[in-house]
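Quick look at model20.pdb (PDB, C-alpha atoms):
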ATOM      1  CA  MET G 118     -10.953   7.720  -5.342
ATOM      2  CA  SER G 119     -12.223   4.252  -4.539
ATOM      3  CA  ALA G 120     -10.388   1.820  -2.291
ATOM      4  CA  ARG G 121     -10.155  -0.581  -5.208
ATOM      5  CA  THR G 122      -8.221   1.948  -7.305
ATOM      6  CA  VAL G 123      -5.893   2.750  -4.422
ATOM      7  CA  PHE G 124      -5.228  -0.913  -3.714
ATOM      8  CA  ARG G 125      -4.804  -1.823  -7.361
ATOM      9  CA  PHE G 126      -2.739   1.066  -8.797
ATOM     10  CA  VAL G 127      -1.580   3.697  -6.300
ATOM     11  CA  LEU G 128      -0.221   1.449  -3.558
ATOM     12  CA  PRO G 129       1.869  -0.701  -5.947
ATOM     13  CA  ALA G 130       3.288   2.436  -7.580
ATOM     14  CA  VAL G 131       4.218   3.991  -4.229
ATOM     15  CA  VAL G 132       5.898   0.797  -3.016
ATOM     16  CA  ALA G 133       7.612  -0.021  -6.343
ATOM     17  CA  LEU G 134       9.768   3.112  -6.589
ATOM     18  CA  PRO G 135      11.761   2.727  -3.344
ATOM     19  CA  LEU G 136      11.933  -1.030  -3.882
ATOM     20  CA  GLY G 137      13.377  -0.437  -7.356
ATOM     21  CA  PHE G 138      16.032   1.835  -5.876
ATOM     22  CA  VAL G 139      16.942  -0.654  -3.136
ATOM     23  CA  GLY G 140      16.945  -3.541  -5.629
ATOM     24  CA  LEU G 141      19.383  -1.693  -7.894
ATOM     25  CA  ALA G 142      21.652  -0.820  -4.969
ATOM     26  CA  LEU G 143      21.767  -4.393  -3.678
ATOM     27  CA  ALA G 144      22.260  -5.848  -7.145
ATOM     28  CA  ALA G 145      25.096  -3.454  -7.999
ATOM     29  CA  GLU G 146      26.808  -4.195  -4.690
ATOM     30  CA  ASN G 147      26.541  -7.981  -4.971
ATOM     31  CA  GLU G 148      26.781  -8.434  -8.753
ATOM     32  CA  PRO G 149      30.011 -10.498  -8.764
ATOM     33  CA  THR G 150      28.740 -12.976  -6.158
ATOM     34  CA  ILE G 151      25.133 -13.538  -7.318
ATOM     35  CA  PRO G 152      24.434 -15.808 -10.311
ATOM     36  CA  MET G 153      23.067 -13.923 -13.322
ATOM     37  CA  PRO G 154      19.570 -15.551 -13.448
ATOM     38  CA  VAL G 155      18.963 -14.722  -9.784
ATOM     39  CA  LEU G 156      20.244 -11.189 -10.311
ATOM     40  CA  MET G 157      17.887 -10.669 -13.260
ATOM     41  CA  LEU G 158      14.994 -11.997 -11.201
ATOM     42  CA  PHE G 159      15.451  -9.401  -8.447
ATOM     43  CA  SER G 160      16.928  -6.468 -10.390
ATOM     44  CA  PRO G 161      16.486  -6.497 -14.159
ATOM     45  CA  GLY G 162      17.285  -2.780 -14.213
ATOM     46  CA  LEU G 163      20.981  -3.376 -13.580
ATOM     47  CA  LYS G 164      21.663  -5.204 -16.835
ATOM     48  CA  ILE G 165      19.261  -3.072 -18.860
ATOM     49  CA  ALA G 166      20.976   0.053 -17.545
ATOM     50  CA  GLU G 167      24.349  -1.384 -18.530
ATOM     51  CA  LEU G 168      23.037  -1.937 -22.054
ATOM     52  CA  LEU G 169      21.275   1.421 -22.464
ATOM     53  CA  THR G 170      23.742   3.783 -20.792
ATOM     54  CA  PRO G 171      25.408   5.902 -23.494
ATOM     55  CA  GLU G 172      28.883   4.706 -24.411
ATOM     56  CA  LYS G 173      30.238   7.995 -25.704
ATOM     57  CA  ARG G 174      32.747   9.797 -23.549
ATOM     58  CA  GLN G 175      30.955  12.118 -21.166
ATOM     59  CA  ALA G 176      31.490  13.301 -17.648
ATOM     60  CA  LEU G 177      31.210  10.611 -14.985
ATOM     61  CA  GLY G 178      28.232  12.352 -13.401
ATOM     62  CA  VAL G 179      26.268  12.326 -16.663
ATOM     63  CA  THR G 180      26.988   8.661 -17.320
ATOM     64  CA  PHE G 181      26.180   7.634 -13.765
ATOM     65  CA  GLY G 182      23.040   9.765 -13.814
ATOM     66  CA  TRP G 183      21.771   7.953 -16.911
ATOM     67  CA  PHE G 184      22.661   4.611 -15.368
ATOM     68  CA  LEU G 185      20.631   5.423 -12.251
ATOM     69  CA  ARG G 186      17.656   6.775 -14.186
ATOM     70  CA  VAL G 187      17.416   3.732 -16.434
ATOM     71  CA  GLY G 188      18.080   1.205 -13.654
ATOM     72  CA  ILE G 189      15.675   2.640 -11.090
ATOM     73  CA  THR G 190      12.928   3.229 -13.659
ATOM     74  CA  THR G 191      13.235  -0.309 -15.014
ATOM     75  CA  ASN G 192      13.211  -1.864 -11.554
ATOM     76  CA  ALA G 193      10.272   0.300 -10.449
ATOM     77  CA  ALA G 194       8.283  -0.695 -13.537
ATOM     78  CA  TYR G 195       9.173  -4.362 -12.956
ATOM     79  CA  TYR G 196       8.044  -4.290  -9.318
ATOM     80  CA  PHE G 197       4.933  -2.269 -10.219
ATOM     81  CA  VAL G 198       3.875  -4.965 -12.686
ATOM     82  CA  LEU G 199       4.567  -7.682 -10.099
ATOM     83  CA  PHE G 200       2.535  -5.887  -7.425
ATOM     84  CA  LEU G 201      -0.235  -5.193  -9.935
ATOM     85  CA  LEU G 202      -0.362  -8.908 -10.727
ATOM     86  CA  PHE G 203      -0.432  -9.826  -7.028
ATOM     87  CA  ALA G 204      -3.231  -7.318  -6.370
ATOM     88  CA  TYR G 205      -5.239  -8.718  -9.278
ATOM     89  CA  LEU G 206      -4.788 -12.301  -8.095
ATOM     90  CA  PHE G 207      -5.613 -11.349  -4.498
ATOM     91  CA  GLN G 208      -8.824  -9.569  -5.512
ATOM     92  CA  ARG G 209      -9.779 -12.417  -7.811
ATOM     93  CA  ARG G 210      -9.307 -14.936  -4.999
ATOM     94  CA  ARG G 211     -11.400 -12.789  -2.624
ATOM     95  CA  ARG G 212     -14.208 -12.541  -5.170
ATOM     96  CA  SER G 213     -14.288 -16.299  -5.786
ATOM     97  CA  ALA G 214     -14.288 -17.031  -2.025
ATOM     98  CA  ALA G 215     -17.146 -14.605  -1.340
TER      99      ALA G 215
END

Translate this file's structure into structure tokens.
Amino acid sequence: MSARTVFRFVLPAVVALPLGFVGLALAAENEPTIPMPVLMLFSPGLKIAELLTPEKRQALGVTFGWFLRVGITTNAAYYFVLFLLFAYLFQRRRRSAA
């Protein structure tokens, strides 16, 4: 595997998953005090999870499990795309400077 592939795809994916989890935890904890646009900027998974979590009556563990799956996955995908964009811009800048 080339260093370019690692830097461009693997590293952002490895960093995005824990960052998505931490982003969801911080957003859920501070939701009442943070303005909505700022909250969506740092943790879009919170609101998407609130919209997509099933509304039928189920056990609390099932509902919370779905909430976590949707929220963490959405945040991880969001941060992966951001890191992918940063890696692309960084490599592009290095190529133009060389």

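Compared by their closest atoms to Ala145 (chain G), and using only C-alpha atoms, the residues G:Leu185, G:Val127, G:Met118, G:Leu168 rank with G:Leu185 nearest.
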
When you draw a straight line from CA of Gly188 (chain G) to CA of Tyr205 (chain G), how long is it in Å? 25.7 Å

Could you name the residues that touch Arg125 (chain G) at 7 Å or less, counting only C-alpha atoms, but leaving out those on the same chain fewer than 3 positions away, as a list in words? Arg121, Thr122, Leu128, Pro129, Leu201 and Ala204 of chain G

With all atoms listed in the file as the atoms that count, which of G:Ser119, G:Thr180, G:Thr170, G:Thr190 lies nearest to Val139 (chain G)? G:Thr190

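Across the model, the gap from CA of Gly162 (chain G) to CA of Ala144 (chain G) is 9.2 Å.
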
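Here the question is which of G:Val187, G:Ala120, G:Leu202, G:Leu169 gets nearest to Phe138 (chain G) using all atoms listed in the file, and that residue is G:Val187.
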
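Considering only C-alpha atoms, the residue among G:Tyr196, G:Trp183, G:Phe159, G:Phe124 positioned nearest to Leu141 (chain G) is G:Phe159.
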
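Compared by their closest atoms to Ala166 (chain G), and using all atoms listed in the file, the residues G:Glu146, G:Gly178, G:Ile151, G:Ile189 rank with G:Ile189 nearest.
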
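Interatomic distance, CA of Asn147 (chain G) against CA of Ser160 (chain G): 11.1 Å.
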
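For the choices G:Pro161, G:Gly182, G:Arg212, G:Pro135, the atom-to-atom distance to Glu148 (chain G) is smallest for G:Pro161 when using all atoms listed in the file.
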